Structures are given as structure tokens and as C-alpha cells.
$ cat upload-v5.cif   # mmCIF, C-alpha atoms
data_protein
loop_
_atom_site.label_atom_id
_atom_site.label_comp_id
_atom_site.auth_asym_id
_atom_site.auth_seq_id
_atom_site.Cartn_x
_atom_site.Cartn_y
_atom_site.Cartn_z
CA MET H 1 -30.57 4.53 16.27
CA TYR H 2 -33.40 6.93 17.16
CA THR H 3 -35.83 7.65 19.97
CA ALA H 4 -39.58 7.98 19.32
CA GLN H 5 -38.99 11.70 18.73
CA GLY H 6 -36.43 10.95 16.04
CA ARG H 7 -33.43 12.05 18.14
CA MET H 8 -30.29 10.00 18.03
CA GLU H 9 -29.33 8.38 21.30
CA HIS H 10 -25.99 10.12 21.68
CA GLN H 11 -24.50 7.95 24.38
CA SER H 12 -25.14 4.64 22.64
CA GLN H 13 -23.97 6.03 19.31
CA LEU H 14 -20.86 7.52 20.88
CA GLU H 15 -19.92 4.12 22.26
CA ALA H 16 -20.72 2.44 18.96
CA TYR H 17 -18.48 4.74 16.92
CA LEU H 18 -15.51 5.03 19.29
CA PRO H 19 -13.71 2.13 17.51
CA MET H 20 -14.01 4.10 14.26
CA VAL H 21 -12.40 7.10 15.93
CA ARG H 22 -9.51 4.96 17.14
CA ARG H 23 -9.03 3.39 13.70
CA GLN H 24 -8.83 6.82 12.08
CA ALA H 25 -6.39 8.04 14.72
CA LEU H 26 -4.11 5.03 14.19
CA ALA H 27 -4.23 5.43 10.40
CA LEU H 28 -3.25 9.08 10.70
CA GLN H 29 -0.61 8.58 13.37
CA VAL H 30 1.59 6.36 11.17
CA LYS H 31 1.94 9.27 8.74
CA LEU H 32 3.04 11.77 11.38
CA PRO H 33 6.14 12.59 13.46
CA ALA H 34 6.75 10.42 16.52
CA GLY H 35 5.91 13.31 18.87
CA VAL H 36 2.21 13.24 17.97
CA ASP H 37 0.33 11.45 20.74
CA LEU H 38 -2.35 8.94 19.78
CA ASP H 39 -4.56 9.94 22.70
CA ASP H 40 -4.56 13.56 21.50
CA LEU H 41 -5.80 12.44 18.09
CA ILE H 42 -8.48 10.26 19.66
CA GLN H 43 -9.64 13.10 21.90
CA ALA H 44 -9.91 15.45 18.92
CA GLY H 45 -11.75 12.74 17.00
CA ILE H 46 -14.27 12.31 19.82
CA VAL H 47 -14.98 16.06 19.66
CA GLY H 48 -15.64 15.65 15.94
CA LEU H 49 -17.88 12.66 16.60
CA LEU H 50 -19.92 14.60 19.16
CA GLU H 51 -20.31 17.41 16.64
CA ALA H 52 -21.49 14.90 14.04
CA LEU H 53 -24.02 13.45 16.47
CA GLY H 54 -25.41 16.91 17.10
CA ARG H 55 -25.53 18.02 13.46
CA PHE H 56 -26.55 14.91 11.54
CA ASP H 57 -29.80 15.23 9.62
CA ALA H 58 -31.11 11.90 8.37
CA SER H 59 -33.52 13.66 6.02
CA GLN H 60 -30.56 14.55 3.79
CA GLY H 61 -30.42 10.92 2.72
CA ALA H 62 -26.79 10.34 3.69
CA GLN H 63 -25.32 7.61 5.87
CA PHE H 64 -24.34 8.71 9.37
CA THR H 65 -21.14 6.66 9.12
CA THR H 66 -19.94 8.74 6.16
CA PHE H 67 -20.84 12.03 7.80
CA ALA H 68 -19.27 11.09 11.13
CA SER H 69 -16.09 9.80 9.50
CA GLN H 70 -15.56 13.15 7.75
CA ARG H 71 -16.20 15.10 10.96
CA VAL H 72 -13.81 12.93 12.97
CA ARG H 73 -11.05 13.22 10.42
CA GLY H 74 -11.55 16.97 10.07
CA ALA H 75 -11.31 17.44 13.84
CA MET H 76 -8.06 15.48 13.96
CA LEU H 77 -6.56 17.55 11.14
CA ASP H 78 -7.62 20.76 12.88
CA GLU H 79 -5.82 19.61 16.02
CA LEU H 80 -2.66 18.85 14.05
CA ARG H 81 -2.71 22.12 12.13
CA SER H 82 -3.05 24.07 15.36
CA ARG H 83 0.34 22.75 16.53
CA ASP H 84 2.43 24.07 13.62
CA TRP H 85 5.56 22.19 14.73
CA LEU H 86 7.70 22.96 11.68
CA PRO H 87 10.40 25.57 12.49
CA ARG H 88 10.50 28.73 10.38
CA SER H 89 14.00 27.93 9.18
CA VAL H 90 12.78 24.61 7.76
CA ARG H 91 9.81 26.34 6.13
CA ARG H 92 12.19 28.74 4.41
CA GLN H 93 14.31 25.83 3.21
CA ALA H 94 11.19 24.01 2.02
CA ARG H 95 10.24 27.01 -0.11
CA ALA H 96 13.78 27.12 -1.50
CA LEU H 97 13.51 23.39 -2.26
CA ASP H 98 10.26 23.88 -4.19
CA GLU H 99 11.69 26.82 -6.13
CA ALA H 100 14.90 24.97 -7.04
CA THR H 101 12.89 21.94 -8.14
CA ARG H 102 10.60 24.09 -10.29
CA GLU H 103 13.45 25.95 -11.97
CA LEU H 104 15.41 22.77 -12.69
CA GLN H 105 12.31 21.04 -14.02
CA GLN H 106 11.67 23.89 -16.44
CA ARG H 107 15.30 24.15 -17.54
CA LEU H 108 15.95 20.44 -17.92
CA GLY H 109 12.56 19.45 -19.27
CA ARG H 110 12.49 16.44 -16.94
CA PRO H 111 12.32 15.69 -13.20
CA PRO H 112 15.72 16.70 -11.74
CA GLU H 113 17.86 14.11 -10.00
CA GLU H 114 18.59 14.30 -6.28
CA HIS H 115 22.15 15.42 -6.75
CA GLU H 116 21.02 18.16 -9.16
CA ILE H 117 18.59 19.63 -6.64
CA ALA H 118 21.16 19.36 -3.86
CA GLU H 119 23.73 21.18 -6.01
CA ALA H 120 21.20 23.93 -6.82
CA LEU H 121 20.65 24.40 -3.09
CA ASP H 122 24.42 24.39 -2.48
CA MET H 123 24.14 21.28 -0.31
CA ASP H 124 25.82 17.91 -0.25
CA LEU H 125 23.57 14.88 -0.66
CA VAL H 126 23.57 14.06 3.06
CA SER H 127 22.42 17.58 4.00
CA TYR H 128 19.81 17.53 1.24
CA ARG H 129 18.32 14.26 2.45
CA ARG H 130 18.30 15.60 6.01
CA LEU H 131 16.28 18.57 4.73
CA LEU H 132 13.83 16.20 3.04
CA SER H 133 13.33 14.39 6.36
CA ASP H 134 12.78 17.66 8.22
CA VAL H 135 10.28 18.88 5.63
CA ASN H 136 8.36 15.60 5.69
CA ASN H 137 7.83 15.97 9.44
CA GLY H 138 5.71 19.06 8.78
CA GLN H 139 3.53 17.72 6.01
CA LEU H 140 -0.05 16.70 6.70
CA MET H 141 -2.05 15.15 3.91
CA PRO H 142 0.01 16.86 1.23
CA PHE H 143 -2.52 16.51 -1.61
CA GLU H 144 -5.06 18.51 0.35
CA GLU H 145 -2.50 21.17 1.22
CA LEU H 146 -1.46 21.37 -2.40
CA LEU H 147 -4.96 21.95 -3.69
CA ALA H 148 -7.09 23.54 -1.01
CA GLU H 149 -5.41 24.46 2.25
CA GLY H 150 -8.01 25.74 4.67
CA ASN H 151 -11.05 24.37 2.82
CA GLU H 152 -11.59 21.30 5.00
CA HIS H 153 -14.70 22.62 6.75
CA ARG H 154 -16.40 23.81 3.58
CA PHE H 155 -16.27 20.37 2.04
CA SER H 156 -16.91 18.37 5.19
CA ASP H 157 -20.22 20.26 5.46
CA GLN H 158 -21.37 18.61 2.24
CA ILE H 159 -22.82 15.38 3.56
CA GLY H 160 -21.78 12.30 1.67
CA VAL H 161 -19.06 14.04 -0.38
CA ALA H 162 -15.48 13.07 0.39
CA PRO H 163 -13.45 16.30 0.68
CA LEU H 164 -10.47 15.10 -1.31
CA ALA H 165 -12.62 13.68 -4.11
CA GLU H 166 -14.48 16.97 -4.38
CA LEU H 167 -11.27 19.01 -4.39
CA LEU H 168 -9.78 16.93 -7.14
CA ASP H 169 -12.64 17.49 -9.59
CA GLY H 170 -12.12 19.13 -12.92
CA GLU H 171 -9.11 21.01 -14.13
CA ARG H 172 -7.05 20.81 -10.93
CA ARG H 173 -7.55 17.08 -10.75
CA GLU H 174 -6.25 16.75 -14.30
CA ALA H 175 -3.23 18.89 -13.44
CA LEU H 176 -2.44 16.76 -10.39
CA VAL H 177 -2.87 13.48 -12.27
CA ALA H 178 -0.56 14.77 -15.00
CA ALA H 179 2.02 15.87 -12.43
CA ILE H 180 1.96 12.46 -10.73
CA ALA H 181 2.38 10.75 -14.10
CA GLU H 182 5.61 12.73 -14.62
CA LEU H 183 7.18 11.60 -11.35
CA PRO H 184 10.12 9.18 -11.46
CA GLU H 185 8.88 5.60 -11.24
CA ARG H 186 9.92 4.98 -7.62
CA GLU H 187 8.26 8.18 -6.40
CA LYS H 188 5.14 7.37 -8.39
CA LEU H 189 5.00 3.91 -6.80
CA LEU H 190 5.50 5.38 -3.33
CA MET H 191 2.60 7.81 -3.82
CA ALA H 192 0.35 4.97 -4.98
CA LEU H 193 1.27 2.78 -2.02
CA TYR H 194 0.82 5.65 0.45
CA TYR H 195 -2.37 7.27 -0.79
CA GLN H 196 -4.18 4.54 -2.71
CA GLU H 197 -3.11 1.36 -0.94
CA GLU H 198 -2.75 3.22 2.41
CA LEU H 199 0.36 1.32 3.45
CA ASN H 200 2.36 2.74 6.35
CA LEU H 201 5.98 3.83 6.11
CA LYS H 202 7.40 0.52 7.29
CA GLU H 203 5.35 -1.43 4.74
CA ILE H 204 6.35 0.92 1.91
CA GLY H 205 9.99 0.60 2.94
CA ALA H 206 9.72 -3.18 2.66
CA VAL H 207 8.28 -2.88 -0.87
CA LEU H 208 10.94 -0.40 -2.00
CA GLY H 209 13.78 -2.05 -0.12
CA VAL H 210 14.68 1.08 1.85
CA SER H 211 14.42 2.33 5.45
CA GLU H 212 11.42 4.22 6.85
CA SER H 213 13.49 7.41 7.01
CA ARG H 214 14.35 7.01 3.33
CA VAL H 215 10.65 6.59 2.54
CA CYS H 216 10.04 9.95 4.24
CA GLN H 217 12.76 11.56 2.14
CA ILE H 218 11.43 10.16 -1.13
CA HIS H 219 7.93 11.25 -0.15
CA SER H 220 9.10 14.82 0.51
CA GLN H 221 10.90 14.91 -2.81
CA ALA H 222 7.78 13.71 -4.65
CA VAL H 223 5.58 16.30 -2.95
CA SER H 224 8.06 19.05 -3.79
CA ARG H 225 7.98 18.00 -7.44
CA LEU H 226 4.17 18.07 -7.41
CA ARG H 227 4.08 21.53 -5.82
CA ALA H 228 6.55 22.79 -8.39
CA ARG H 229 4.48 21.40 -11.25
CA LEU H 230 1.16 22.61 -9.87
CA SER H 231 2.54 26.11 -9.31
CA GLU H 232 2.74 26.40 -13.10
CA HIS H 233 -1.05 26.02 -13.24
#
$ encode --input "upload-v5.cif" --output "C-alpha cells"
Amino acid sequence: MYTAQGRMEHQSQLEAYLPMVRRQALALQVKLPAGVDLDDLIQAGIVGLLEALGRFDASQGAQFTTFASQRVRGAMLDELRSRDWLPRSVRRQARALDEATRELQQRLGRPPEEHEIAEALDMDLVSYRRLLSDVNNGQLMPFEELLAEGNEHRFSDQIGVAPLAELLDGERREALVAAIAELPEREKLLMALYYQEELNLKEIGAVLGVSESRVCQIHSQAVSRLRARLSEH
């Protein structure tokens, strides 16, 4: 991996790690709206890989693969965040959704049903589910946004430490785990399949017996519940 002077041979390493960049881009693409181009993600990932090649310090005792993977993923997320494709009207409705969910949760002492949230928003069920689909199209890695929006670079600079694992340490991790435990069973299962098992929307739909669009709606509803619960902390 190194020349006699200890420098990494960038070209050979770039070629060696390009498949990793593509794998990460594909894994991220299945969680995003159809308008996100795979080549754009790959290009951003290559920029992250080049940065990793230039900044890696083997004396830190970390594996280059771990460091590069974090840089590639961070670069892809930066590219996605820069697009900000969610309309302002949907953002306003998303905030109203979170607030309605929080108020109902406090008043009822349990996770509110779909029809209860829809009624609180003065919507019929069809309109409510359409809102859930619209909101889901603007969510990127919701757990990270819930806990530490904007902190990606700070944690990716810590070689060998996965950003999400670091963010979920301590009190906030406990709050999130407790909030997930309070989700309705189907939403809890969806979150486990999506974030732990890393299934895509089609695979989750097959497990739950629903369409991909319905998976998106259930996902949005679960994230809204989590935001509402975490706002209390």
C-alpha cells in the first residue's frame, strides 16, 4: 500500500476502493427519492475517497478501510444535503405533523393512531398518507438528523469511530432506545429491518405485506413519533 517513503500510491488505491464507493452509493440510493442519480452519489463518494487518501495517517493505528468508508459516506451525505429538494410547504406540514404527534402522545399517554393524527391535522386519511410520502422524500438518515444535524464532519474526523455510534452514546442514546421501544410493533419492526438489517424498501414491503410507498409512509410516521418523543428530552 505504500512507497519506500511511506506515501500511499493514490492511483492504485483509488482503483482498489472504487467498488466500495459504488456499494455505498447503491446502499444509499435505495433509501432516497427516485430523482437522485447514482452517478452523482458515486462522484461525490470519489471526492471523499480522494480526501481520505490525502489525509490518512497510518500512525493513528486505524484501518484505512474504516477511515475511507466514513469519508466516502460523509461526502455523499454532503452532496444530498446541498440539494434541499423538500419544498417549504412540505417542511411546514412536517413540523405540524411532529407537533400534532407530540401533543396527542402527551394527551393520550400512548402512540396516536393514524386516523387520530390525521384528524388533528384536519386531513382525511388519504391526504395524511400523501403527506407522509412527501415528508419521507426529504429525509436523509433520520437518526442522525434527529440527534446531531450538522455534526457529520466532527465525528468523521475521529478515525475508527463510527459517527452514528458516537452520537448515540450516553443519555441521548438511552432516550432514543426508549422512544423506539414505545413505537407500535409494525413501526418498530420496520425500523429494525431498515436500520439494523439494512433491507431496502421493496424487501421491507415483502416482509410487512405492503407496497413500497406504504413502507415510506410508515417510516415517516415512525420518525415523526421519535422526533416528538425526543423533543421532550
$ atom_distance --input "upload-v5.cif" --atom1 "atom CA of Val72 of chain H" --atom2 "atom CA of Leu193 of chain H"
23.6 Å
$ atom_distance --input "upload-v5.cif" --atom1 "atom CA of Arg22 of chain H" --atom2 "atom CA of Val207 of chain H"
26.5 Å
$ resolve_selection --input "upload-v5.cif" --expression "the PyMOL selection byres ((chain H and resi 120-129) around 12)" --output "PDB file with C-alpha atoms, in the coordinates of the input"
ATOM      1  CA  VAL H  90      12.780  24.610   7.760  1.00  0.00           C
ATOM      2  CA  GLN H  93      14.310  25.830   3.210  1.00  0.00           C
ATOM      3  CA  ALA H  94      11.190  24.010   2.020  1.00  0.00           C
ATOM      4  CA  ARG H  95      10.240  27.010  -0.110  1.00  0.00           C
ATOM      5  CA  ALA H  96      13.780  27.120  -1.500  1.00  0.00           C
ATOM      6  CA  LEU H  97      13.510  23.390  -2.260  1.00  0.00           C
ATOM      7  CA  ASP H  98      10.260  23.880  -4.190  1.00  0.00           C
ATOM      8  CA  GLU H  99      11.690  26.820  -6.130  1.00  0.00           C
ATOM      9  CA  ALA H 100      14.900  24.970  -7.040  1.00  0.00           C
ATOM     10  CA  THR H 101      12.890  21.940  -8.140  1.00  0.00           C
ATOM     11  CA  ARG H 102      10.600  24.090 -10.290  1.00  0.00           C
ATOM     12  CA  GLU H 103      13.450  25.950 -11.970  1.00  0.00           C
ATOM     13  CA  LEU H 104      15.410  22.770 -12.690  1.00  0.00           C
ATOM     14  CA  GLN H 105      12.310  21.040 -14.020  1.00  0.00           C
ATOM     15  CA  PRO H 112      15.720  16.700 -11.740  1.00  0.00           C
ATOM     16  CA  GLU H 113      17.860  14.110 -10.000  1.00  0.00           C
ATOM     17  CA  GLU H 114      18.590  14.300  -6.280  1.00  0.00           C
ATOM     18  CA  HIS H 115      22.150  15.420  -6.750  1.00  0.00           C
ATOM     19  CA  GLU H 116      21.020  18.160  -9.160  1.00  0.00           C
ATOM     20  CA  ILE H 117      18.590  19.630  -6.640  1.00  0.00           C
ATOM     21  CA  ALA H 118      21.160  19.360  -3.860  1.00  0.00           C
ATOM     22  CA  GLU H 119      23.730  21.180  -6.010  1.00  0.00           C
ATOM     23  CA  ARG H 130      18.300  15.600   6.010  1.00  0.00           C
ATOM     24  CA  LEU H 131      16.280  18.570   4.730  1.00  0.00           C
ATOM     25  CA  LEU H 132      13.830  16.200   3.040  1.00  0.00           C
ATOM     26  CA  SER H 133      13.330  14.390   6.360  1.00  0.00           C
ATOM     27  CA  ASP H 134      12.780  17.660   8.220  1.00  0.00           C
ATOM     28  CA  VAL H 135      10.280  18.880   5.630  1.00  0.00           C
ATOM     29  CA  ASN H 136       8.360  15.600   5.690  1.00  0.00           C
ATOM     30  CA  SER H 213      13.490   7.410   7.010  1.00  0.00           C
ATOM     31  CA  ARG H 214      14.350   7.010   3.330  1.00  0.00           C
ATOM     32  CA  VAL H 215      10.650   6.590   2.540  1.00  0.00           C
ATOM     33  CA  CYS H 216      10.040   9.950   4.240  1.00  0.00           C
ATOM     34  CA  GLN H 217      12.760  11.560   2.140  1.00  0.00           C
ATOM     35  CA  ILE H 218      11.430  10.160  -1.130  1.00  0.00           C
ATOM     36  CA  HIS H 219       7.930  11.250  -0.150  1.00  0.00           C
ATOM     37  CA  SER H 220       9.100  14.820   0.510  1.00  0.00           C
ATOM     38  CA  GLN H 221      10.900  14.910  -2.810  1.00  0.00           C
TER      39      GLN H 221
END
$ residues_around --input "upload-v5.cif" --residues "Met76 of chain H" --least-positions-apart "2" --cutoff "6 Å" --atoms "only C-alpha atoms" --output "NGL selection string"
:H and (41 or 44-45 or 73-74 or 78-79)
$ atom_distance --input "upload-v5.cif" --atom1 "atom CA of Ser69 of chain H" --atom2 "atom CA of Ala192 of chain H"
22.4 Å
$ residues_around --input "upload-v5.cif" --residues "Glu198 of chain H" --least-positions-apart "6" --cutoff "10 Å" --atoms "only C-alpha atoms" --output "list of chain:residue names"
H:Ala27, H:Lys31, H:Met191, H:Ala192, H:Ile204
$ residues_around --input "upload-v5.cif" --residues "segment 180-184 of chain H" --least-positions-apart "3" --cutoff "10 Å" --atoms "all atoms listed in the file" --output "list in words"
Arg110, Pro111, Pro112, Glu113, Glu174, Ala175, Leu176, Val177, Glu187, Lys188, Leu189, Met191, Ala192, Gln221, Ala222, Val223, Arg225, Leu226 and Arg229 of chain H
$ closest_residue --input "upload-v5.cif" --among "H:Gln29, H:Gln63, H:Val21, H:Val210" --to "Val47 of chain H" --atoms "all atoms listed in the file"
H:Val21
